[in-house]
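One file, target.pdb, carrying PDB, C-alpha atoms:
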```pdb
MODEL        1
ATOM      1  CA  ASP A   1     -12.113  12.871  15.165  1.00  0.00           C
ATOM      2  CA  GLY A   2      -9.649  13.461  12.359  1.00  0.00           C
ATOM      3  CA  GLY A   3      -9.847  11.189   9.396  1.00  0.00           C
ATOM      4  CA  ILE A   4     -10.314  10.674   5.708  1.00  0.00           C
ATOM      5  CA  THR A   5     -13.744  10.203   4.176  1.00  0.00           C
ATOM      6  CA  GLN A   6     -14.579   8.638   0.846  1.00  0.00           C
ATOM      7  CA  SER A   7     -17.977   8.719  -0.737  1.00  0.00           C
ATOM      8  CA  PRO A   8     -20.009   7.015  -1.932  1.00  0.00           C
ATOM      9  CA  LYS A   9     -19.249   3.547  -0.570  1.00  0.00           C
ATOM     10  CA  TYR A  10     -20.676   1.905  -3.692  1.00  0.00           C
ATOM     11  CA  LEU A  11     -20.967   3.466  -7.140  1.00  0.00           C
ATOM     12  CA  PHE A  12     -22.405   2.199 -10.367  1.00  0.00           C
ATOM     13  CA  ARG A  13     -21.520   3.562 -13.767  1.00  0.00           C
ATOM     14  CA  LYS A  14     -23.083   3.080 -17.148  1.00  0.00           C
ATOM     15  CA  GLU A  15     -20.915   2.495 -20.169  1.00  0.00           C
ATOM     16  CA  GLY A  16     -19.590   5.778 -21.569  1.00  0.00           C
ATOM     17  CA  GLN A  17     -20.205   7.732 -18.389  1.00  0.00           C
ATOM     18  CA  ASN A  18     -17.747   9.710 -16.320  1.00  0.00           C
ATOM     19  CA  VAL A  19     -18.027   9.389 -12.538  1.00  0.00           C
ATOM     20  CA  THR A  20     -16.352  11.298  -9.729  1.00  0.00           C
ATOM     21  CA  LEU A  21     -15.244   9.773  -6.449  1.00  0.00           C
ATOM     22  CA  SER A  22     -14.997  12.057  -3.458  1.00  0.00           C
ATOM     23  CA  CYS A  23     -12.140  12.143  -0.934  1.00  0.00           C
ATOM     24  CA  GLU A  24     -12.001  14.590   1.978  1.00  0.00           C
ATOM     25  CA  GLN A  25      -9.519  14.726   4.847  1.00  0.00           C
ATOM     26  CA  ASN A  26      -9.414  16.833   8.012  1.00  0.00           C
ATOM     27  CA  LEU A  27      -5.940  15.713   9.097  1.00  0.00           C
ATOM     28  CA  ASN A  28      -4.273  18.831   7.676  1.00  0.00           C
ATOM     29  CA  HIS A  29      -2.093  16.591   5.514  1.00  0.00           C
ATOM     30  CA  ASP A  30      -0.286  18.070   2.543  1.00  0.00           C
ATOM     31  CA  ALA A  31      -0.089  14.889   0.473  1.00  0.00           C
ATOM     32  CA  MET A  32      -2.997  12.885  -0.926  1.00  0.00           C
ATOM     33  CA  TYR A  33      -3.114   9.749  -3.052  1.00  0.00           C
ATOM     34  CA  TRP A  34      -5.492   7.627  -5.106  1.00  0.00           C
ATOM     35  CA  TYR A  35      -5.013   3.873  -5.444  1.00  0.00           C
ATOM     36  CA  ARG A  36      -6.826   1.143  -7.267  1.00  0.00           C
ATOM     37  CA  GLN A  37      -7.080  -2.346  -5.762  1.00  0.00           C
ATOM     38  CA  ASP A  38      -8.154  -5.385  -7.769  1.00  0.00           C
ATOM     39  CA  PRO A  39      -8.822  -8.807  -6.217  1.00  0.00           C
ATOM     40  CA  GLY A  40      -5.613 -10.538  -5.194  1.00  0.00           C
ATOM     41  CA  GLN A  41      -3.498  -7.569  -6.178  1.00  0.00           C
ATOM     42  CA  GLY A  42      -1.735  -4.858  -4.297  1.00  0.00           C
ATOM     43  CA  LEU A  43      -2.545  -1.181  -4.369  1.00  0.00           C
ATOM     44  CA  ARG A  44      -1.623   0.540  -7.621  1.00  0.00           C
ATOM     45  CA  LEU A  45      -1.042   4.283  -7.588  1.00  0.00           C
ATOM     46  CA  ILE A  46      -3.257   6.318  -9.911  1.00  0.00           C
ATOM     47  CA  TYR A  47      -2.437   9.924  -9.014  1.00  0.00           C
ATOM     48  CA  TYR A  48      -0.864  11.744  -6.106  1.00  0.00           C
ATOM     49  CA  SER A  49      -0.606  15.324  -4.941  1.00  0.00           C
ATOM     50  CA  GLN A  50       2.004  16.735  -2.608  1.00  0.00           C
ATOM     51  CA  ILE A  51       0.550  20.209  -2.393  1.00  0.00           C
ATOM     52  CA  VAL A  52      -2.530  22.191  -3.374  1.00  0.00           C
ATOM     53  CA  ASN A  53      -2.855  22.935  -7.094  1.00  0.00           C
ATOM     54  CA  ASP A  54      -0.243  20.341  -8.009  1.00  0.00           C
ATOM     55  CA  PHE A  55      -0.508  16.626  -8.782  1.00  0.00           C
ATOM     56  CA  GLN A  56       1.448  13.915 -10.563  1.00  0.00           C
ATOM     57  CA  LYS A  57       0.558  10.776 -12.471  1.00  0.00           C
ATOM     58  CA  GLY A  58       1.110   7.470 -10.786  1.00  0.00           C
ATOM     59  CA  ASP A  59       1.605   4.104 -12.438  1.00  0.00           C
ATOM     60  CA  ILE A  60      -1.869   3.709 -13.955  1.00  0.00           C
ATOM     61  CA  ALA A  61      -3.145   7.240 -14.643  1.00  0.00           C
ATOM     62  CA  GLU A  62      -4.652   6.569 -18.076  1.00  0.00           C
ATOM     63  CA  GLY A  63      -8.406   7.041 -18.072  1.00  0.00           C
ATOM     64  CA  TYR A  64      -8.426   8.982 -14.795  1.00  0.00           C
ATOM     65  CA  SER A  65      -8.227  12.654 -13.851  1.00  0.00           C
ATOM     66  CA  VAL A  66      -7.897  14.547 -10.556  1.00  0.00           C
ATOM     67  CA  SER A  67      -7.911  18.057  -9.141  1.00  0.00           C
ATOM     68  CA  ARG A  68      -6.490  19.532  -5.953  1.00  0.00           C
ATOM     69  CA  GLU A  69      -8.081  22.936  -5.487  1.00  0.00           C
ATOM     70  CA  LYS A  70      -8.275  22.655  -1.706  1.00  0.00           C
ATOM     71  CA  LYS A  71      -5.923  21.057   0.781  1.00  0.00           C
ATOM     72  CA  GLU A  72      -8.636  18.843   2.222  1.00  0.00           C
ATOM     73  CA  SER A  73     -10.122  17.577  -1.032  1.00  0.00           C
ATOM     74  CA  PHE A  74      -8.773  15.365  -3.820  1.00  0.00           C
ATOM     75  CA  PRO A  75     -11.581  14.094  -6.094  1.00  0.00           C
ATOM     76  CA  LEU A  76     -10.931  11.403  -8.695  1.00  0.00           C
ATOM     77  CA  THR A  77     -12.835  11.232 -11.980  1.00  0.00           C
ATOM     78  CA  VAL A  78     -13.029   7.904 -13.756  1.00  0.00           C
ATOM     79  CA  THR A  79     -13.557   8.783 -17.397  1.00  0.00           C
ATOM     80  CA  SER A  80     -15.147   6.749 -20.154  1.00  0.00           C
ATOM     81  CA  ALA A  81     -11.614   6.227 -21.503  1.00  0.00           C
ATOM     82  CA  GLN A  82     -10.894   3.857 -18.614  1.00  0.00           C
ATOM     83  CA  LYS A  83     -11.693   0.502 -20.211  1.00  0.00           C
ATOM     84  CA  ASN A  84     -11.803  -1.597 -17.079  1.00  0.00           C
ATOM     85  CA  PRO A  85     -12.992   0.665 -14.260  1.00  0.00           C
ATOM     86  CA  THR A  86     -14.538  -1.989 -12.008  1.00  0.00           C
ATOM     87  CA  ALA A  87     -12.362  -1.983  -8.894  1.00  0.00           C
ATOM     88  CA  PHE A  88     -12.023  -0.881  -5.288  1.00  0.00           C
ATOM     89  CA  TYR A  89     -10.684   2.692  -5.106  1.00  0.00           C
ATOM     90  CA  LEU A  90      -8.792   3.908  -2.061  1.00  0.00           C
ATOM     91  CA  CYS A  91      -7.830   7.441  -1.139  1.00  0.00           C
ATOM     92  CA  ALA A  92      -5.041   8.186   1.324  1.00  0.00           C
ATOM     93  CA  SER A  93      -3.270  11.146   2.864  1.00  0.00           C
ATOM     94  CA  SER A  94       0.013  11.705   4.666  1.00  0.00           C
ATOM     95  CA  THR A  95       2.249  14.464   5.964  1.00  0.00           C
ATOM     96  CA  GLY A  96       4.269  13.980   2.797  1.00  0.00           C
ATOM     97  CA  GLY A  97       7.185  12.136   1.364  1.00  0.00           C
ATOM     98  CA  ASN A  98       7.112   8.460   2.223  1.00  0.00           C
ATOM     99  CA  GLN A  99       5.532   8.872   5.642  1.00  0.00           C
ATOM    100  CA  PRO A 100       2.749   6.516   6.788  1.00  0.00           C
ATOM    101  CA  GLN A 101      -0.496   6.954   4.933  1.00  0.00           C
ATOM    102  CA  HIS A 102      -3.992   7.220   6.366  1.00  0.00           C
ATOM    103  CA  PHE A 103      -6.651   5.591   4.214  1.00  0.00           C
ATOM    104  CA  GLY A 104     -10.343   6.052   3.712  1.00  0.00           C
ATOM    105  CA  ASP A 105     -12.651   3.038   3.575  1.00  0.00           C
ATOM    106  CA  GLY A 106     -12.799   3.008  -0.184  1.00  0.00           C
ATOM    107  CA  THR A 107     -15.348   3.252  -2.979  1.00  0.00           C
ATOM    108  CA  ARG A 108     -16.320   0.155  -4.905  1.00  0.00           C
ATOM    109  CA  LEU A 109     -17.094   1.038  -8.506  1.00  0.00           C
ATOM    110  CA  SER A 110     -19.061  -1.307 -10.740  1.00  0.00           C
ATOM    111  CA  ILE A 111     -20.177  -1.077 -14.348  1.00  0.00           C
ATOM    112  CA  LEU A 112     -23.849  -1.620 -15.197  1.00  0.00           C
TER     113      LEU A 112
ATOM    114  CA  SER B   1      12.063  -2.738 -12.116  1.00  0.00           C
ATOM    115  CA  GLN B   2      11.289  -2.568  -8.409  1.00  0.00           C
ATOM    116  CA  LYS B   3       9.435  -5.586  -7.107  1.00  0.00           C
ATOM    117  CA  ILE B   4       7.895  -6.503  -3.765  1.00  0.00           C
ATOM    118  CA  GLU B   5       6.918 -10.085  -3.016  1.00  0.00           C
ATOM    119  CA  GLN B   6       4.624 -11.272  -0.273  1.00  0.00           C
ATOM    120  CA  ASN B   7       3.396 -14.819   0.061  1.00  0.00           C
ATOM    121  CA  SER B   8       0.178 -14.914  -1.929  1.00  0.00           C
ATOM    122  CA  GLU B   9      -0.991 -18.050  -0.153  1.00  0.00           C
ATOM    123  CA  ALA B  10      -3.036 -17.559   2.986  1.00  0.00           C
ATOM    124  CA  LEU B  11      -1.346 -18.307   6.272  1.00  0.00           C
ATOM    125  CA  ASN B  12      -3.446 -20.333   8.716  1.00  0.00           C
ATOM    126  CA  ILE B  13      -2.241 -20.772  12.253  1.00  0.00           C
ATOM    127  CA  GLN B  14      -3.558 -21.810  15.643  1.00  0.00           C
ATOM    128  CA  GLU B  15      -4.555 -19.193  18.178  1.00  0.00           C
ATOM    129  CA  GLY B  16      -1.773 -18.454  20.631  1.00  0.00           C
ATOM    130  CA  LYS B  17       1.031 -19.257  18.185  1.00  0.00           C
ATOM    131  CA  THR B  18       3.337 -16.723  16.570  1.00  0.00           C
ATOM    132  CA  ALA B  19       2.458 -15.710  13.024  1.00  0.00           C
ATOM    133  CA  THR B  20       5.366 -14.749  10.767  1.00  0.00           C
ATOM    134  CA  LEU B  21       4.819 -13.005   7.444  1.00  0.00           C
ATOM    135  CA  THR B  22       7.523 -12.321   4.873  1.00  0.00           C
ATOM    136  CA  CYS B  23       8.170  -9.393   2.558  1.00  0.00           C
ATOM    137  CA  ASN B  24      10.971  -9.654  -0.016  1.00  0.00           C
ATOM    138  CA  TYR B  25      12.058  -6.992  -2.444  1.00  0.00           C
ATOM    139  CA  THR B  26      14.371  -6.764  -5.447  1.00  0.00           C
ATOM    140  CA  ASN B  27      16.050  -4.061  -7.533  1.00  0.00           C
ATOM    141  CA  TYR B  28      15.658  -1.716  -4.676  1.00  0.00           C
ATOM    142  CA  SER B  29      17.272  -0.078  -1.643  1.00  0.00           C
ATOM    143  CA  PRO B  30      14.483   1.429   0.436  1.00  0.00           C
ATOM    144  CA  ALA B  31      15.108   3.785   3.298  1.00  0.00           C
ATOM    145  CA  TYR B  32      11.838   2.808   4.999  1.00  0.00           C
ATOM    146  CA  LEU B  33       9.610  -0.200   5.195  1.00  0.00           C
ATOM    147  CA  GLN B  34       6.042  -0.085   6.448  1.00  0.00           C
ATOM    148  CA  TRP B  35       3.444  -2.684   7.403  1.00  0.00           C
ATOM    149  CA  TYR B  36      -0.306  -2.197   7.151  1.00  0.00           C
ATOM    150  CA  ARG B  37      -3.340  -4.254   8.092  1.00  0.00           C
ATOM    151  CA  GLN B  38      -6.373  -4.432   5.809  1.00  0.00           C
ATOM    152  CA  ASP B  39      -9.749  -5.900   6.722  1.00  0.00           C
ATOM    153  CA  PRO B  40     -12.239  -6.949   4.005  1.00  0.00           C
ATOM    154  CA  GLY B  41     -13.957  -3.966   2.424  1.00  0.00           C
ATOM    155  CA  ARG B  42     -11.894  -1.465   4.404  1.00  0.00           C
ATOM    156  CA  GLY B  43      -8.864   0.700   3.768  1.00  0.00           C
ATOM    157  CA  PRO B  44      -5.419  -0.343   5.046  1.00  0.00           C
ATOM    158  CA  VAL B  45      -4.398   0.781   8.519  1.00  0.00           C
ATOM    159  CA  PHE B  46      -0.782   1.678   9.260  1.00  0.00           C
ATOM    160  CA  LEU B  47       0.909  -0.519  11.883  1.00  0.00           C
ATOM    161  CA  LEU B  48       4.678  -0.021  11.950  1.00  0.00           C
ATOM    162  CA  LEU B  49       7.503   1.764  10.147  1.00  0.00           C
ATOM    163  CA  ILE B  50      11.110   0.598  10.290  1.00  0.00           C
ATOM    164  CA  ARG B  51      14.109   2.452   8.885  1.00  0.00           C
ATOM    165  CA  GLU B  52      17.025   0.890   7.044  1.00  0.00           C
ATOM    166  CA  ASN B  53      19.378   1.488   9.970  1.00  0.00           C
ATOM    167  CA  GLU B  54      17.008  -0.252  12.407  1.00  0.00           C
ATOM    168  CA  LYS B  55      17.179  -4.010  12.659  1.00  0.00           C
ATOM    169  CA  GLU B  56      14.028  -4.494  14.688  1.00  0.00           C
ATOM    170  CA  LYS B  57      10.943  -2.578  15.816  1.00  0.00           C
ATOM    171  CA  ARG B  58       8.300  -3.634  18.336  1.00  0.00           C
ATOM    172  CA  LYS B  59       4.804  -2.487  19.192  1.00  0.00           C
ATOM    173  CA  GLU B  60       2.834  -4.499  21.711  1.00  0.00           C
ATOM    174  CA  ARG B  61       2.497  -8.017  20.199  1.00  0.00           C
ATOM    175  CA  LEU B  62       3.968  -6.944  16.869  1.00  0.00           C
ATOM    176  CA  LYS B  63       7.598  -7.174  15.826  1.00  0.00           C
ATOM    177  CA  VAL B  64       9.164  -6.195  12.508  1.00  0.00           C
ATOM    178  CA  THR B  65      12.684  -6.929  11.315  1.00  0.00           C
ATOM    179  CA  PHE B  66      14.478  -5.379   8.350  1.00  0.00           C
ATOM    180  CA  ASP B  67      17.455  -7.139   6.774  1.00  0.00           C
ATOM    181  CA  THR B  68      18.880  -4.969   3.994  1.00  0.00           C
ATOM    182  CA  THR B  69      21.427  -7.655   3.061  1.00  0.00           C
ATOM    183  CA  LEU B  70      18.760 -10.297   2.483  1.00  0.00           C
ATOM    184  CA  LYS B  71      16.367  -7.623   1.147  1.00  0.00           C
ATOM    185  CA  GLN B  72      13.701  -8.951   3.444  1.00  0.00           C
ATOM    186  CA  SER B  73      11.378  -7.920   6.242  1.00  0.00           C
ATOM    187  CA  LEU B  74       9.657 -10.288   8.647  1.00  0.00           C
ATOM    188  CA  PHE B  75       6.466  -9.340  10.467  1.00  0.00           C
ATOM    189  CA  HIS B  76       5.656 -11.281  13.621  1.00  0.00           C
ATOM    190  CA  ILE B  77       2.466 -11.369  15.683  1.00  0.00           C
ATOM    191  CA  THR B  78       3.005 -13.136  18.988  1.00  0.00           C
ATOM    192  CA  ALA B  79       0.213 -14.765  21.012  1.00  0.00           C
ATOM    193  CA  SER B  80      -2.013 -14.511  17.938  1.00  0.00           C
ATOM    194  CA  GLN B  81      -5.770 -14.088  18.318  1.00  0.00           C
ATOM    195  CA  PRO B  82      -8.683 -14.628  15.911  1.00  0.00           C
ATOM    196  CA  ALA B  83      -9.061 -10.828  15.835  1.00  0.00           C
ATOM    197  CA  ASP B  84      -5.642 -10.652  14.158  1.00  0.00           C
ATOM    198  CA  SER B  85      -7.113 -12.314  11.059  1.00  0.00           C
ATOM    199  CA  ALA B  86      -6.711  -9.889   8.158  1.00  0.00           C
ATOM    200  CA  THR B  87      -4.551  -9.180   5.136  1.00  0.00           C
ATOM    201  CA  TYR B  88      -1.178  -7.650   5.917  1.00  0.00           C
ATOM    202  CA  LEU B  89       0.574  -5.437   3.384  1.00  0.00           C
ATOM    203  CA  CYS B  90       4.176  -4.341   3.315  1.00  0.00           C
ATOM    204  CA  ALA B  91       5.168  -1.109   1.607  1.00  0.00           C
ATOM    205  CA  LEU B  92       8.467   0.477   0.629  1.00  0.00           C
ATOM    206  CA  ASP B  93       9.421   4.002  -0.328  1.00  0.00           C
ATOM    207  CA  SER B  94       9.985   4.025  -4.073  1.00  0.00           C
ATOM    208  CA  SER B  95      10.961   7.678  -4.227  1.00  0.00           C
ATOM    209  CA  ALA B  96      11.000  10.753  -2.020  1.00  0.00           C
ATOM    210  CA  SER B  97       7.290  11.256  -2.570  1.00  0.00           C
ATOM    211  CA  LYS B  98       5.564   7.895  -2.768  1.00  0.00           C
ATOM    212  CA  ILE B  99       5.537   4.322  -1.568  1.00  0.00           C
ATOM    213  CA  ILE B 100       4.714   1.062  -3.320  1.00  0.00           C
ATOM    214  CA  PHE B 101       2.708  -1.776  -1.798  1.00  0.00           C
ATOM    215  CA  GLY B 102       3.015  -5.529  -1.934  1.00  0.00           C
ATOM    216  CA  SER B 103      -0.059  -7.596  -2.774  1.00  0.00           C
ATOM    217  CA  GLY B 104      -0.455  -8.702   0.837  1.00  0.00           C
ATOM    218  CA  THR B 105      -0.701 -11.964   2.744  1.00  0.00           C
ATOM    219  CA  ARG B 106      -4.004 -13.119   4.208  1.00  0.00           C
ATOM    220  CA  LEU B 107      -3.659 -14.359   7.758  1.00  0.00           C
ATOM    221  CA  SER B 108      -6.281 -16.559   9.430  1.00  0.00           C
ATOM    222  CA  ILE B 109      -6.082 -17.405  13.112  1.00  0.00           C
ATOM    223  CA  ARG B 110      -8.213 -20.369  14.086  1.00  0.00           C
ATOM    224  CA  PRO B 111      -9.506 -20.724  17.664  1.00  0.00           C
TER     225      PRO B 111
ENDMDL
END
```
Just dump the structure as structure tokens.
Amino acid sequence: DGGITQSPKYLFRKEGQNVTLSCEQNLNHDAMYWYRQDPGQGLRLIYYSQIVNDFQKGDIAEGYSVSREKKESFPLTVTSAQKNPTAFYLCASSTGGNQPQHFGDGTRLSIL
Amino acid sequence: SQKIEQNSEALNIQEGKTATLTCNYTNYSPAYLQWYRQDPGRGPVFLLLIRENEKEKRKERLKVTFDTTLKQSLFHITASQPADSATYLCALDSSASKIIFGSGTRLSIRP
């Protein structure tokens, strides 16, 4: 079955540590996205990529970094510069533009 | 700035009734509007897309309307069931390459 896979489901980070969240899709989608969701809030766009080797900052990119070296993969690194990293992180993909997005089941990041 | 408003209060209705959720937007003229369902601890799932030149779209028990004059979309679930309980998000295209999401409305269907 085609889909989008995020791992791990739960992740714990120590203060001052960088962590990388994995996102893989086998839908052959060109576009991929990373969102952050906090309780009671909508999804906020961190970074997005419309094509391999290219990506753009979203609304809350500070403290995060991404790469898009392969079409199927779009990992997100939460750096120590992100002051409030505890959140639910969602990865999505689409055929591009503003077409419907397919989401993974998220990674919940917590600070120890 | 662009703003999407969904009722932040949970909507509780009796099984079998029609649930109606509202999505309002300001400072904005979207070409598309989308609705998603999100269950606790899961990613959103796409339900329906409606274009600005479409007044209404249906899919099984779901119906979406799009009023560009009122800047509003209504999402209806007819013959609601407890399994329809979830958070429903509306989303609008904010540019040619991305969409923005509302904060969602939690729907609870009681037996």
Worksheet entry | Explicit residue set for the ChimeraX specification (/A :<8) & /B, as number ranges by chain | B: 8, 32, 34, 41-46, 49, 93, 95-104
Worksheet entry | Shell of 12 Å around Ala83 of chain B, all atoms listed in the file, local chain residues under 5 positions omitted, as an MDAnalysis selection string | chainID B and resid 15:16 37 39 77 107:111
Discussion item. Env of Lys57 of chain A: 8 Å cut, atoms = all atoms listed in the file, seq-sep filter 2 positions within chain, self excluded. Answer as a count of residues only.
Written reply: 7
Practice prompt. Translate the PyMOL selection byres ((chain B and resi 31) around 9), as applied to the file shown, into an explicit residue set as a list in words.
Written response: Ser29, Pro30, Tyr32, Leu33, Ile50, Arg51, Glu52, Asn53, Leu92, Asp93 and Ser94 of chain B
Item to complete: Identify all residues satisfying the PyMOL selection byres ((chain A and resi 70) around 10) in the given file; provide them as a ChimeraX atom specification.
Response: /A:24,51-53,67-69,71-74
Practice prompt. Please return, as a PyMOL selection string, all polymer residues that have at least one atom within 12 Å of the point (5.6, -11.5, -0.4); use all atoms listed in the file and the file's own coordinate frame.
Written response: (chain A and resi 41-42) or (chain B and resi 3-11+20-26+35+71-75+87-91+101-106)
Item to complete: With a distance cut-off of 8 Å and all atoms listed in the file, select the neighbouring residues of Gln25 of chain A, excluding the residue or stretch itself and same-chain residues fewer than 3 positions from it, and output the selection as a list of chain:residue names.
Response: A:Gly2, A:Gly3, A:Ile4, A:Thr5, A:Asn28, A:His29, A:Glu72, A:Ser73, A:Ser93
Worksheet entry | Interatomic distance (Å, one decimal) between atom CA of Pro40 of chain B and atom CA of Tyr35 of chain A |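 So the two atoms, atom CA of Pro40 of chain B and atom CA of Tyr35 of chain A, lie 16.1 Å apart.
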Worksheet item: From the set B:Asn27, B:Gln2, B:Thr18, B:Gln38, which residue has the shortest atom-to-atom contact distance to Gln81 of chain B, counting all atoms listed in the file?
Response: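 Ranking B:Asn27, B:Gln2, B:Thr18, B:Gln38 by distance to Gln81 of chain B, first place goes to B:Thr18.
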What are the centre and the three edge lengths of an axis-aligned box that wraps all atoms of segment 33-47 of chain B in the file, given that 4 Å is added to every side, written as AutoDock Vina command-line options and rounded to one decimal in Å?
```
--center_x -2.2 --center_y -2.6 --center_z 7.2 --size_x 31.6 --size_y 16.6 --size_z 17.5
```
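Pairwise distance (atom CA of Asn84 of chain A, atom CA of Pro8 of chain A) equals 19.3 Å.
Atom CA of Asp67 of chain B to atom CA of Ala19 of chain B spans 18.4 Å [interatomic distance, one decimal].
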Fill in: Selected residue of minimal separation from Thr77 of chain A among A:Leu27, A:Met32, A:Thr20, A:Leu109, counting all atoms listed in the file
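Distance minimum relative to Thr77 of chain A lands on A:Thr20.
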